[in-house]
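Q: What follows is a structure written as structure tokens; I'll ask about it next.
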Number of protein chains: 2
Amino acid sequence: MVDTDTPRPKTLRVALLGAGNVGAQVARILLDDAESLAARTGARLELVGIAVRTIDAPREVELPRELFTTDASALVRDADVVIELMGGLEPARTLILEAIEHGASVITGNKALLAVDGPSLYEKADAAGVQLSYEAAVAGAIPILRPIRDSLAGDKITRVMGIVNGTTNFILDAMDTTGAEFPDALAEATRLGYAEADPTADIEGHDAAAKGAILASLSFHTRFALEDVHCQGITAVTADDIAAAKDAGFVIKLLAIAEKLETTGATGVGTTGVSVRVHPTLIPREHPLAAVHGAFNAVFIEAESAGELMFYGRGAGGTPTASAILGDVVSAARRMVLGGPGRTETTTGVLPVLGIEAVTTQYYIGLDAADQPGVLAKISALFAENGVSIETMRQTVHRESDDGGNGSAELRIVTHRASEAALAATVEAIKGLDIINSVTSVLRVEGV
Amino acid sequence: MVDTDTPRPKTLRVALLGAGNVGAQVARILLDDAESLAARTGARLELVGIAVRTIDAPREVELPRELFTTDASALVRDADVVIELMGGLEPARTLILEAIEHGASVITGNKALLAVDGPSLYEKADAAGVQLSYEAAVAGAIPILRPIRDSLAGDKITRVMGIVNGTTNFILDAMDTTGAEFPDALAEATRLGYAEADPTADIEGHDAAAKGAILASLSFHTRFALEDVHCQGITAVTADDIAAAKDAGFVIKLLAIAEKLETTGATGVGTTGVSVRVHPTLIPREHPLAAVHGAFNAVFIEAESAGELMFYGRGAGGTPTASAILGDVVSAARRMVLGGPGRTETTTGVLPVLGIEAVTTQYYIGLDAADQPGVLAKISALFAENGVSIETMRQTVHRESDDGGNGSAELRIVTHRASEAALAATVEAIKGLDIINSVTSVLRVEGV
């Protein structure tokens, strides 16, 4: 515990909670690089203990056995800096609250906890005047939260689009490169260790949604919870979708998108709000996010003055994530040594949270239709009736025989910006046409 | 001036030196966004004056005439925060020193001054306990210096490669896209406003060298001056070089590269040092830097734990650069309000500065040779004699007549890593061969 009335501490006691993939690397660096870390912070960072569930569990890195303890609570009460890398909601939340109460700085990479309880944790840390840092919670090694909070503090962010889940980017990239179907690409990702045994949180978009909520909170000075995020995963993306997108100059990425929107209510009064959503998205192949391959992450930011920015790097992995954790540790330690701002977040610009119904995007629609005269006219009319404007429409005819008319026509339509509701109504109406065999895909388009 | 013994100031007095492209936008934002900036900093940022050479000069933005003054020195003595955007060495240097002496925080985008006088300015700011911030000096709007200094503070950077000059990236990108020769691409850049009337500082690499020195200083906690940077511009790059690079899967970019190197001295004792260099460089088309088009900038960082990171955005322009300036202003103001670390830079890891002779890179060599038997053998032998190993060699024969032997052969060679000296000796030896018509290009290769 740091008492600002006593002389400056020469040594800061660091407690580590969790010794998994990331925790073990953080411990190794704290031990191996003690000297250079001390030079950079002005204080010795002494790793006083590592709280684990099982002391003799196998670990990736060999660490001094005497550091391990199963009494996390006692360890927390004895530390100046607490690094929480246990994951999950409990006991992580209780231990973080104990650390805050004892005046310790807290560093965590626990995106699930922050997405659910972030707002109340930030408030408690602010009230106690301690640091709560979580650079590692979003996009692993990529320094993204500090640039948003500090470097862009004099600017106004209008939109954030992130590839923030490496597993799904690996899968979509593999589908794009090899033409594989989703189940095969997922199996390959699992085999190579890019997907967990239970990949649900990744492929259903839940992990990206948690990170989207954290990014949105910081970018728009507004507190978002997980349930504010519209979330759609990648399990329905087919090899045909990818091929059609490629053909049209697009690539499909799972994006977490947070944006400021102007909406007009029933009364005609304009409101500014923020929406957060996660869904598979077509982006042009020349867009900087299209060049993010494999398990890499990237966050693309649009700001009023800065224009377009992108931050790229490794979004997961023990050592890369440890880099972000140590950056937070050094920053917290510097502040403890030199004194300084304890604020973790500003919420001065609190904006209303908008649902997906307030969002407009361009859409890509794939249709399998009968190859007969008048099809294009009927479909175009339905778009017009529903107020959805078509940007491009492309027809490919597959003749089954030479007599014409027995074959099918593949239609690929890209719309101008439309609301979810208008688009859904259009798609429903199209499905009702007897000339339509099936609606093969409906995907959002961004970055055009 | 801020006196830490008196109650916290509710208003910070901001002085702006220069009302050019960037300065005018900074003034506009300070005036227009006063309310949101106050909410974010906890203090009102009052623009108390703008020092200019000519009060009635035409400006991009209309600003209140009463703010203008020609007495920069008086303005500086009356301010808590001084923003220097005059450029050039003097009077910028003298005014910054005056501001530091008066206890003001200083924000500057003056890369030329920092590259020459940075070390002494940082020391004076440290000694006075004031902030000296310069995010805008490198890569315009891209938050790069703060991530290096803070986010990567617990990591060890091994290498930085930056596209830090938009003019040359625009020219090389245009040459790559259109096949134009350098003079034509430069003319187009000038016409579109991407190149200045006198483009020397850009095309000769001097601007990139200044930014390279600043990046290297921060990344390696070692102070570099402009004369420590090996510098080669893009004026000698031909359409043929670009075409040959393209053909081999590369793109040519002007990179500023700073890297940590292990060298073995004459005594056999290893030394770790840092070298900084600017030169046209071949990089693979799949490399993230290859996707940086037009006048955009990007900085690619390799760190021990984080692995590969890239930061992308606009490197110039009034409004984008103003974003970086305002970020520094808000950070400085937050610290003045809340108190906090005044250190601008750590130089704990001071490493020796190494010259270009310590660097090894891969090389691309283009040769125009006689088309006769034994050419490849003779050339290969010369590489071997000089200790340079060939990775790939490709020969294209241009027959002038059908009798064979009167034509010429175009050879494209990519070497393994070699030193500048070994490569230079090889090239000299090759030039001496009577079968060689000319050495058409010698370019470094990175990122393979």
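The chains in the structure tokens are called A, B, ... from first to last as shown; in each chain the residues are counted from 1, and the ligands are counted from 1 in the order shown.
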Pull out every residue of chain B sitting within 7 Å of chain A, counting only C-alpha atoms, and send them as number ranges by chain.

A: B: 37, 39-40, 141-143, 147, 150-155, 288, 291, 305-314, 319-324, 326-328, 330-331, 335, 338-341, 346, 348

Q: Leaving out Thr200 of chain A and any residue of its chain fewer than 4 positions from it, which residues lie within 12 Å of it when counting only C-alpha atoms, given as a tab-separated table (two decimals) with all heavy atoms, in the first residue's frame?

A:
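Done, and the output landed in around_24.tsv:
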```
chain	number	residue	atom	x	y	z
A	167	THR	N	-9.10	-15.62	-33.28
A	167	THR	CA	-9.61	-16.92	-33.73
A	167	THR	C	-10.49	-16.76	-34.97
A	167	THR	O	-10.30	-17.45	-35.98
A	167	THR	CB	-10.45	-17.57	-32.60
A	167	THR	OG1	-9.63	-17.66	-31.44
A	167	THR	CG2	-10.92	-18.95	-33.00
A	168	THR	N	-11.44	-15.83	-34.89
A	168	THR	CA	-12.34	-15.66	-36.03
A	168	THR	C	-11.62	-15.04	-37.22
A	168	THR	O	-11.94	-15.35	-38.36
A	168	THR	CB	-13.56	-14.79	-35.64
A	168	THR	OG1	-13.09	-13.63	-34.95
A	168	THR	CG2	-14.50	-15.56	-34.74
A	186	LEU	N	-12.56	-24.00	-39.05
A	186	LEU	CA	-12.58	-24.06	-37.59
A	186	LEU	C	-11.74	-25.25	-37.09
A	186	LEU	O	-10.95	-25.11	-36.15
A	186	LEU	CB	-14.02	-24.17	-37.07
A	186	LEU	CG	-14.19	-24.45	-35.58
A	186	LEU	CD1	-13.53	-23.36	-34.73
A	186	LEU	CD2	-15.68	-24.58	-35.21
A	195	ALA	N	-7.93	-21.95	-31.95
A	195	ALA	CA	-9.29	-22.00	-31.39
A	195	ALA	C	-9.27	-22.90	-30.17
A	195	ALA	O	-8.54	-23.89	-30.12
A	195	ALA	CB	-10.28	-22.50	-32.43
A	196	GLU	N	-10.06	-22.54	-29.18
A	196	GLU	CA	-10.13	-23.37	-27.97
A	196	GLU	C	-11.04	-24.57	-28.21
A	196	GLU	O	-11.79	-24.62	-29.18
A	196	GLU	CB	-10.69	-22.52	-26.81
A	196	GLU	CG	-9.67	-21.49	-26.34
A	196	GLU	CD	-10.24	-20.57	-25.27
A	196	GLU	OE1	-10.95	-21.06	-24.39
A	196	GLU	OE2	-9.97	-19.36	-25.35
A	204	GLU	N	-19.13	-17.11	-31.87
A	204	GLU	CA	-20.44	-16.45	-31.76
A	204	GLU	C	-20.29	-14.94	-31.55
A	204	GLU	O	-21.28	-14.23	-31.41
A	204	GLU	CB	-21.25	-17.06	-30.61
A	204	GLU	CG	-21.62	-18.53	-30.81
A	204	GLU	CD	-22.59	-18.75	-32.00
A	204	GLU	OE1	-23.04	-17.76	-32.60
A	204	GLU	OE2	-22.84	-19.94	-32.32
A	205	GLY	N	-19.04	-14.46	-31.46
A	205	GLY	CA	-18.82	-13.02	-31.36
A	205	GLY	C	-18.86	-12.45	-29.94
A	205	GLY	O	-18.70	-11.24	-29.77
A	206	HIS	N	-19.04	-13.30	-28.92
A	206	HIS	CA	-19.17	-12.78	-27.55
A	206	HIS	C	-17.88	-12.10	-27.08
A	206	HIS	O	-17.90	-11.08	-26.41
A	206	HIS	CB	-19.56	-13.89	-26.58
A	206	HIS	CG	-20.81	-14.61	-26.98
A	206	HIS	ND1	-21.07	-15.92	-26.65
A	206	HIS	CD2	-21.87	-14.19	-27.73
A	206	HIS	CE1	-22.23	-16.28	-27.17
A	206	HIS	NE2	-22.74	-15.25	-27.82
A	207	ASP	N	-16.74	-12.72	-27.41
A	207	ASP	CA	-15.45	-12.14	-27.02
A	207	ASP	C	-15.27	-10.77	-27.69
A	207	ASP	O	-14.88	-9.80	-27.04
A	207	ASP	CB	-14.33	-13.11	-27.44
A	207	ASP	CG	-12.95	-12.53	-27.21
A	207	ASP	OD1	-12.50	-12.52	-26.06
A	207	ASP	OD2	-12.32	-12.06	-28.19
A	208	ALA	N	-15.57	-10.71	-28.98
A	208	ALA	CA	-15.45	-9.42	-29.70
A	208	ALA	C	-16.43	-8.40	-29.13
A	208	ALA	O	-16.11	-7.20	-29.05
A	208	ALA	CB	-15.71	-9.63	-31.20
A	232	GLN	N	-23.45	-10.75	-33.58
A	232	GLN	CA	-23.69	-11.84	-34.53
A	232	GLN	C	-22.34	-12.47	-34.86
A	232	GLN	O	-21.39	-11.76	-35.22
A	232	GLN	CB	-24.34	-11.24	-35.79
A	232	GLN	CG	-24.72	-12.26	-36.84
A	232	GLN	CD	-25.06	-11.56	-38.16
A	232	GLN	OE1	-25.34	-10.36	-38.20
A	232	GLN	NE2	-25.00	-12.31	-39.25
A	233	GLY	N	-22.24	-13.77	-34.74
A	233	GLY	CA	-20.96	-14.46	-34.97
A	233	GLY	C	-20.74	-14.83	-36.43
A	233	GLY	O	-21.41	-14.31	-37.32
A	234	ILE	N	-19.78	-15.74	-36.65
A	234	ILE	CA	-19.40	-16.05	-38.03
A	234	ILE	C	-19.83	-17.45	-38.48
A	234	ILE	O	-19.47	-17.89	-39.57
A	234	ILE	CB	-17.87	-15.92	-38.24
A	234	ILE	CG1	-17.10	-16.95	-37.39
A	234	ILE	CG2	-17.40	-14.51	-37.94
A	234	ILE	CD1	-15.66	-17.14	-37.87
A	235	THR	N	-20.62	-18.15	-37.65
A	235	THR	CA	-20.93	-19.56	-37.97
A	235	THR	C	-21.75	-19.70	-39.24
A	235	THR	O	-21.73	-20.75	-39.87
A	235	THR	CB	-21.69	-20.21	-36.80
A	235	THR	OG1	-22.84	-19.42	-36.50
A	235	THR	CG2	-20.82	-20.28	-35.55
```

Q: Please run DSSP on the backbone and report, as a PyMOL selection string, all residues within segment 59-248 of chain B that come out as strand (DSSP E or B).

A: chain B and resi 68-69+81-84+105-108+132-133+157-163+229-231

Q: Go ahead and save the picked residues with N, CA and C atoms, as an mmCIF file, in the first residue's frame.

A:
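The result, written out as out-v4.cif:
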```cif
data_model
loop_
_atom_site.group_PDB
_atom_site.id
_atom_site.type_symbol
_atom_site.label_atom_id
_atom_site.label_comp_id
_atom_site.auth_asym_id
_atom_site.auth_seq_id
_atom_site.Cartn_x
_atom_site.Cartn_y
_atom_site.Cartn_z
ATOM 1 N N PHE B 68 -3.761 38.095 -32.015
ATOM 2 C CA PHE B 68 -2.464 38.114 -32.679
ATOM 3 C C PHE B 68 -1.501 39.117 -32.056
ATOM 4 N N THR B 69 -0.245 38.712 -32.006
ATOM 5 C CA THR B 69 0.805 39.591 -31.513
ATOM 6 C C THR B 69 2.093 39.265 -32.261
ATOM 7 N N VAL B 81 0.962 27.086 -20.748
ATOM 8 C CA VAL B 81 1.215 26.083 -21.794
ATOM 9 C C VAL B 81 1.619 26.833 -23.058
ATOM 10 N N VAL B 82 2.761 26.445 -23.633
ATOM 11 C CA VAL B 82 3.237 27.081 -24.857
ATOM 12 C C VAL B 82 3.259 26.053 -25.981
ATOM 13 N N ILE B 83 2.572 26.373 -27.071
ATOM 14 C CA ILE B 83 2.537 25.490 -28.242
ATOM 15 C C ILE B 83 3.386 26.129 -29.335
ATOM 16 N N GLU B 84 4.501 25.496 -29.655
ATOM 17 C CA GLU B 84 5.424 26.075 -30.643
ATOM 18 C C GLU B 84 5.203 25.414 -31.991
ATOM 19 N N SER B 105 4.574 24.318 -19.573
ATOM 20 C CA SER B 105 4.670 23.093 -20.360
ATOM 21 C C SER B 105 4.791 23.483 -21.812
ATOM 22 N N VAL B 106 5.617 22.737 -22.533
ATOM 23 C CA VAL B 106 5.841 23.073 -23.934
ATOM 24 C C VAL B 106 5.393 21.920 -24.819
ATOM 25 N N ILE B 107 4.642 22.256 -25.855
ATOM 26 C CA ILE B 107 4.260 21.284 -26.874
ATOM 27 C C ILE B 107 4.804 21.795 -28.190
ATOM 28 N N THR B 108 5.512 20.921 -28.912
ATOM 29 C CA THR B 108 6.066 21.348 -30.189
ATOM 30 C C THR B 108 5.926 20.249 -31.226
ATOM 31 N N LEU B 132 7.818 18.506 -21.841
ATOM 32 C CA LEU B 132 8.126 18.893 -23.223
ATOM 33 C C LEU B 132 7.585 17.759 -24.095
ATOM 34 N N SER B 133 6.495 18.018 -24.800
ATOM 35 C CA SER B 133 5.825 16.957 -25.572
ATOM 36 C C SER B 133 5.904 17.262 -27.046
ATOM 37 N N ILE B 157 12.066 -2.888 -27.260
ATOM 38 C CA ILE B 157 11.960 -2.719 -28.706
ATOM 39 C C ILE B 157 13.270 -3.153 -29.331
ATOM 40 N N THR B 158 13.183 -3.922 -30.412
ATOM 41 C CA THR B 158 14.400 -4.357 -31.080
ATOM 42 C C THR B 158 14.580 -3.632 -32.418
ATOM 43 N N ARG B 159 13.468 -3.148 -32.975
ATOM 44 C CA ARG B 159 13.552 -2.545 -34.297
ATOM 45 C C ARG B 159 12.326 -1.690 -34.588
ATOM 46 N N VAL B 160 12.554 -0.569 -35.240
ATOM 47 C CA VAL B 160 11.466 0.320 -35.663
ATOM 48 C C VAL B 160 11.668 0.610 -37.140
ATOM 49 N N MET B 161 10.615 0.427 -37.949
ATOM 50 C CA MET B 161 10.708 0.770 -39.376
ATOM 51 C C MET B 161 9.525 1.670 -39.695
ATOM 52 N N GLY B 162 9.810 2.880 -40.162
ATOM 53 C CA GLY B 162 8.703 3.799 -40.382
ATOM 54 C C GLY B 162 8.640 4.386 -41.771
ATOM 55 N N ILE B 163 7.420 4.473 -42.299
ATOM 56 C CA ILE B 163 7.144 5.326 -43.455
ATOM 57 C C ILE B 163 6.718 6.636 -42.828
ATOM 58 N N VAL B 229 22.403 9.686 -38.327
ATOM 59 C CA VAL B 229 21.519 8.935 -39.226
ATOM 60 C C VAL B 229 22.117 8.835 -40.623
ATOM 61 N N HIS B 230 22.282 7.623 -41.101
ATOM 62 C CA HIS B 230 22.700 7.393 -42.480
ATOM 63 C C HIS B 230 21.506 7.691 -43.379
ATOM 64 N N CYS B 231 21.685 8.536 -44.376
ATOM 65 C CA CYS B 231 20.519 9.036 -45.104
ATOM 66 C C CYS B 231 20.683 8.991 -46.611
#
```

Q: Name the residues in contact with Met86 of chain A at a cut-off of 12 Å, using only C-alpha atoms, excluding same-chain residues fewer than 4 positions from it; report them as a list in words.

A: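 Non-adjacent residues within range: Leu16, Leu17, Gly18, Ala19, Gly20, Asn21, Val22, Gly23, Ala24, Ile50, Ala51, Val52, Arg53, Ala72, Val82, Glu90, Pro91, Ala92, Arg93, Thr94, Leu95, Ile96, Ile107, Thr108, Gly109, Asn110, Lys111, Ala112 and Leu113 of chain A.
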
Q: How about saving the chosen residues, N, CA, C and O atoms kept, as a JSON list (two decimals), in the first residue's frame?

A:
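New file out_22.json:
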```json
[["chain", "number", "residue", "atom", "x", "y", "z"],
["A", 16, "LEU", "N", 0.69, -11.19, -8.14],
["A", 16, "LEU", "CA", 0.17, -11.71, -9.40],
["A", 16, "LEU", "C", -0.91, -12.73, -9.10],
["A", 16, "LEU", "O", -0.67, -13.68, -8.34],
["A", 17, "LEU", "N", -2.08, -12.54, -9.68],
["A", 17, "LEU", "CA", -3.17, -13.49, -9.49],
["A", 17, "LEU", "C", -3.35, -14.28, -10.78],
["A", 17, "LEU", "O", -3.79, -13.74, -11.79],
["A", 18, "GLY", "N", -2.93, -15.55, -10.76],
["A", 18, "GLY", "CA", -3.04, -16.38, -11.95],
["A", 18, "GLY", "C", -1.68, -16.61, -12.59],
["A", 18, "GLY", "O", -0.89, -15.67, -12.72],
["A", 19, "ALA", "N", -1.40, -17.85, -12.96],
["A", 19, "ALA", "CA", -0.11, -18.18, -13.60],
["A", 19, "ALA", "C", -0.35, -19.02, -14.83],
["A", 19, "ALA", "O", 0.33, -20.01, -15.09],
["A", 20, "GLY", "N", -1.35, -18.62, -15.61],
["A", 20, "GLY", "CA", -1.63, -19.32, -16.86],
["A", 20, "GLY", "C", -0.70, -18.82, -17.95],
["A", 20, "GLY", "O", 0.41, -18.35, -17.69],
["A", 21, "ASN", "N", -1.19, -18.92, -19.15],
["A", 21, "ASN", "CA", -0.50, -18.51, -20.36],
["A", 21, "ASN", "C", 0.17, -17.12, -20.23],
["A", 21, "ASN", "O", 1.38, -16.97, -20.41],
["A", 22, "VAL", "N", -0.63, -16.13, -19.86],
["A", 22, "VAL", "CA", -0.12, -14.75, -19.75],
["A", 22, "VAL", "C", 0.60, -14.55, -18.42],
["A", 22, "VAL", "O", 1.71, -14.00, -18.37],
["A", 23, "GLY", "N", -0.02, -15.01, -17.33],
["A", 23, "GLY", "CA", 0.54, -14.80, -15.99],
["A", 23, "GLY", "C", 1.97, -15.32, -15.87],
["A", 23, "GLY", "O", 2.84, -14.64, -15.30],
["A", 24, "ALA", "N", 2.22, -16.50, -16.41],
["A", 24, "ALA", "CA", 3.56, -17.09, -16.29],
["A", 24, "ALA", "C", 4.59, -16.20, -17.01],
["A", 24, "ALA", "O", 5.71, -16.00, -16.50],
["A", 50, "ILE", "N", 2.46, -15.28, -6.16],
["A", 50, "ILE", "CA", 1.61, -15.64, -7.31],
["A", 50, "ILE", "C", 0.48, -16.51, -6.78],
["A", 50, "ILE", "O", 0.73, -17.62, -6.28],
["A", 51, "ALA", "N", -0.74, -16.02, -6.85],
["A", 51, "ALA", "CA", -1.88, -16.80, -6.36],
["A", 51, "ALA", "C", -2.37, -17.74, -7.45],
["A", 51, "ALA", "O", -2.63, -17.31, -8.57],
["A", 52, "VAL", "N", -2.47, -19.01, -7.10],
["A", 52, "VAL", "CA", -2.94, -20.03, -8.05],
["A", 52, "VAL", "C", -3.91, -20.96, -7.35],
["A", 52, "VAL", "O", -4.00, -20.97, -6.12],
["A", 53, "ARG", "N", -4.63, -21.75, -8.14],
["A", 53, "ARG", "CA", -5.55, -22.73, -7.52],
["A", 53, "ARG", "C", -4.78, -23.94, -7.04],
["A", 53, "ARG", "O", -5.02, -24.45, -5.96],
["A", 72, "ALA", "N", -5.12, -16.05, -2.24],
["A", 72, "ALA", "CA", -5.07, -14.84, -3.06],
["A", 72, "ALA", "C", -5.41, -13.60, -2.24],
["A", 72, "ALA", "O", -4.82, -12.53, -2.41],
["A", 82, "VAL", "N", -1.46, -4.91, -7.94],
["A", 82, "VAL", "CA", -2.08, -6.22, -8.11],
["A", 82, "VAL", "C", -2.37, -6.46, -9.58],
["A", 82, "VAL", "O", -3.02, -5.64, -10.24],
["A", 90, "GLU", "N", -15.73, -14.42, -10.93],
["A", 90, "GLU", "CA", -15.32, -14.60, -9.54],
["A", 90, "GLU", "C", -14.27, -15.69, -9.44],
["A", 90, "GLU", "O", -14.32, -16.65, -10.22],
["A", 91, "PRO", "N", -13.31, -15.60, -8.55],
["A", 91, "PRO", "CA", -13.16, -14.58, -7.52],
["A", 91, "PRO", "C", -12.46, -13.30, -7.99],
["A", 91, "PRO", "O", -12.12, -12.45, -7.17],
["A", 92, "ALA", "N", -12.25, -13.15, -9.32],
["A", 92, "ALA", "CA", -11.50, -11.99, -9.82],
["A", 92, "ALA", "C", -12.09, -10.67, -9.32],
["A", 92, "ALA", "O", -11.37, -9.80, -8.82],
["A", 93, "ARG", "N", -13.42, -10.53, -9.42],
["A", 93, "ARG", "CA", -14.07, -9.27, -9.04],
["A", 93, "ARG", "C", -13.82, -8.94, -7.57],
["A", 93, "ARG", "O", -13.43, -7.82, -7.23],
["A", 94, "THR", "N", -14.05, -9.94, -6.69],
["A", 94, "THR", "CA", -13.87, -9.72, -5.26],
["A", 94, "THR", "C", -12.43, -9.33, -4.93],
["A", 94, "THR", "O", -12.17, -8.41, -4.14],
["A", 95, "LEU", "N", -11.48, -9.98, -5.58],
["A", 95, "LEU", "CA", -10.07, -9.69, -5.31],
["A", 95, "LEU", "C", -9.68, -8.30, -5.81],
["A", 95, "LEU", "O", -8.93, -7.58, -5.15],
["A", 96, "ILE", "N", -10.21, -7.91, -6.96],
["A", 96, "ILE", "CA", -9.94, -6.56, -7.46],
["A", 96, "ILE", "C", -10.51, -5.51, -6.52],
["A", 96, "ILE", "O", -9.85, -4.51, -6.19],
["A", 107, "ILE", "N", -4.01, -3.90, -12.25],
["A", 107, "ILE", "CA", -3.87, -4.11, -13.69],
["A", 107, "ILE", "C", -4.59, -5.41, -14.00],
["A", 107, "ILE", "O", -4.36, -6.43, -13.35],
["A", 108, "THR", "N", -5.47, -5.39, -14.98],
["A", 108, "THR", "CA", -6.19, -6.61, -15.33],
["A", 108, "THR", "C", -6.30, -6.75, -16.84],
["A", 108, "THR", "O", -6.28, -5.76, -17.58],
["A", 109, "GLY", "N", -6.42, -7.99, -17.28],
["A", 109, "GLY", "CA", -6.65, -8.27, -18.69],
["A", 109, "GLY", "C", -7.99, -8.95, -18.86],
["A", 109, "GLY", "O", -8.26, -9.56, -19.89],
["A", 110, "ASN", "N", -8.84, -8.81, -17.84],
["A", 110, "ASN", "CA", -10.09, -9.58, -17.76],
["A", 110, "ASN", "C", -11.24, -8.88, -18.48],
["A", 110, "ASN", "O", -12.05, -8.18, -17.87],
["A", 111, "LYS", "N", -11.31, -9.10, -19.79],
["A", 111, "LYS", "CA", -12.32, -8.39, -20.60],
["A", 111, "LYS", "C", -13.74, -8.78, -20.23],
["A", 111, "LYS", "O", -14.66, -7.96, -20.29],
["A", 112, "ALA", "N", -13.93, -10.06, -19.86],
["A", 112, "ALA", "CA", -15.28, -10.52, -19.53],
["A", 112, "ALA", "C", -15.79, -9.75, -18.31],
["A", 112, "ALA", "O", -16.92, -9.25, -18.30],
["A", 113, "LEU", "N", -14.95, -9.64, -17.30],
["A", 113, "LEU", "CA", -15.34, -8.91, -16.08],
["A", 113, "LEU", "C", -15.57, -7.43, -16.38],
["A", 113, "LEU", "O", -16.55, -6.84, -15.93]]
```

Q: Atom CA of Val130 of chain A to atom CA of Asp80 of chain A: how many Å, to one decimal?

A: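 Taking atom CA of Val130 of chain A and atom CA of Asp80 of chain A, their separation equals 10.2 Å.
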
Q: Excluding same-chain residues fewer than 5 positions from segment 277-282 of chain A, what lies within 8 Å of it counting only C-alpha atoms, as a list in words?

A: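 What passes the distance filter is Gly205, Ala208, Ala209, Gly212, Val229, His230, Cys231, Gln232, Gly233, Ile234, Val237, Ala245, Phe250, Val251, Ile252, Lys253, Leu254, Leu255, Ala256, Ile257, Ala258, Ile356, Tyr364, Leu443, Arg444, Val445 and Glu446 of chain A.
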
Q: I need the residues of segment 27-218 of chain B that end up classed as helix (DSSP H, G or I) by DSSP on the backbone, written out as a VMD selection string.

A: chain B and resid 27 to 32 34 to 41 65 to 67 72 to 77 92 to 101 111 to 128 135 to 137 145 to 151 166 to 178 182 to 191 200 to 203 206 to 218

Q: May I ask for the distance between atom CA of Ile390 of chain B and atom CA of Asn169 of chain B, given in Å to one decimal place?

A: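 Computing it gives 29.0 Å between the two atoms.
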
Q: Excluding Asp247 of chain A and residues on its chain fewer than 6 positions from it, collect all residues at most 12 Å away from it, counting only C-alpha atoms, and give them as a PyMOL selection string.

A: chain A and resi 176+240-241+282+284-285+394+396+412

Q: Keeping only C-alpha atoms, write those residues as a short mmCIF file (atom, residue, chain, number, x, y, z; two decimals), in the first residue's frame.

A:
```cif
data_model
loop_
_atom_site.label_atom_id
_atom_site.label_comp_id
_atom_site.auth_asym_id
_atom_site.auth_seq_id
_atom_site.Cartn_x
_atom_site.Cartn_y
_atom_site.Cartn_z
CA ASP A 176 -10.67 -16.49 -47.94
CA ASP A 240 -19.96 -19.03 -51.22
CA ASP A 241 -20.32 -15.77 -49.27
CA LEU A 282 -17.72 -6.94 -46.07
CA PRO A 284 -13.14 -3.37 -49.66
CA ARG A 285 -9.89 -5.23 -50.31
CA ARG A 394 -25.04 -8.22 -60.63
CA THR A 396 -24.93 -14.52 -63.15
CA ARG A 412 -25.59 -10.13 -55.91
#
```

Q: Hey, what's within 12 Å of Gln362 of chain B if we count only C-alpha atoms and toss same-chain stuff fewer than 2 positions away? As a ChimeraX atom specification, please?

A: /B:281-283,359-360,364-365,388-392,413-420,422-423,442-448

Q: Just the number, please: distance in Å from atom CA of Gly294 of chain B to atom CA of Asp202 of chain B, one decimal.

A: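 One can read the atom CA of Gly294 of chain B to atom CA of Asp202 of chain B distance as 14.5 Å.
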
Q: Segment 431-434 of chain B: which residues within 9 Å, counting only C-alpha atoms, same-chain residues fewer than 3 positions away excluded, as a list in words?

A: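 Selected residues are Ala369, Ala370, Lys378, Ile379, Thr426, Val427, Glu428, Asn437, Ser438 and Val439 of chain B.
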
Q: Please determine, counting only C-alpha atoms, which residue among B:Ala295, B:Val164, B:Val375, B:Ala125 has the shortest atom-to-atom distance to Val138 of chain B.

A: B:Val164
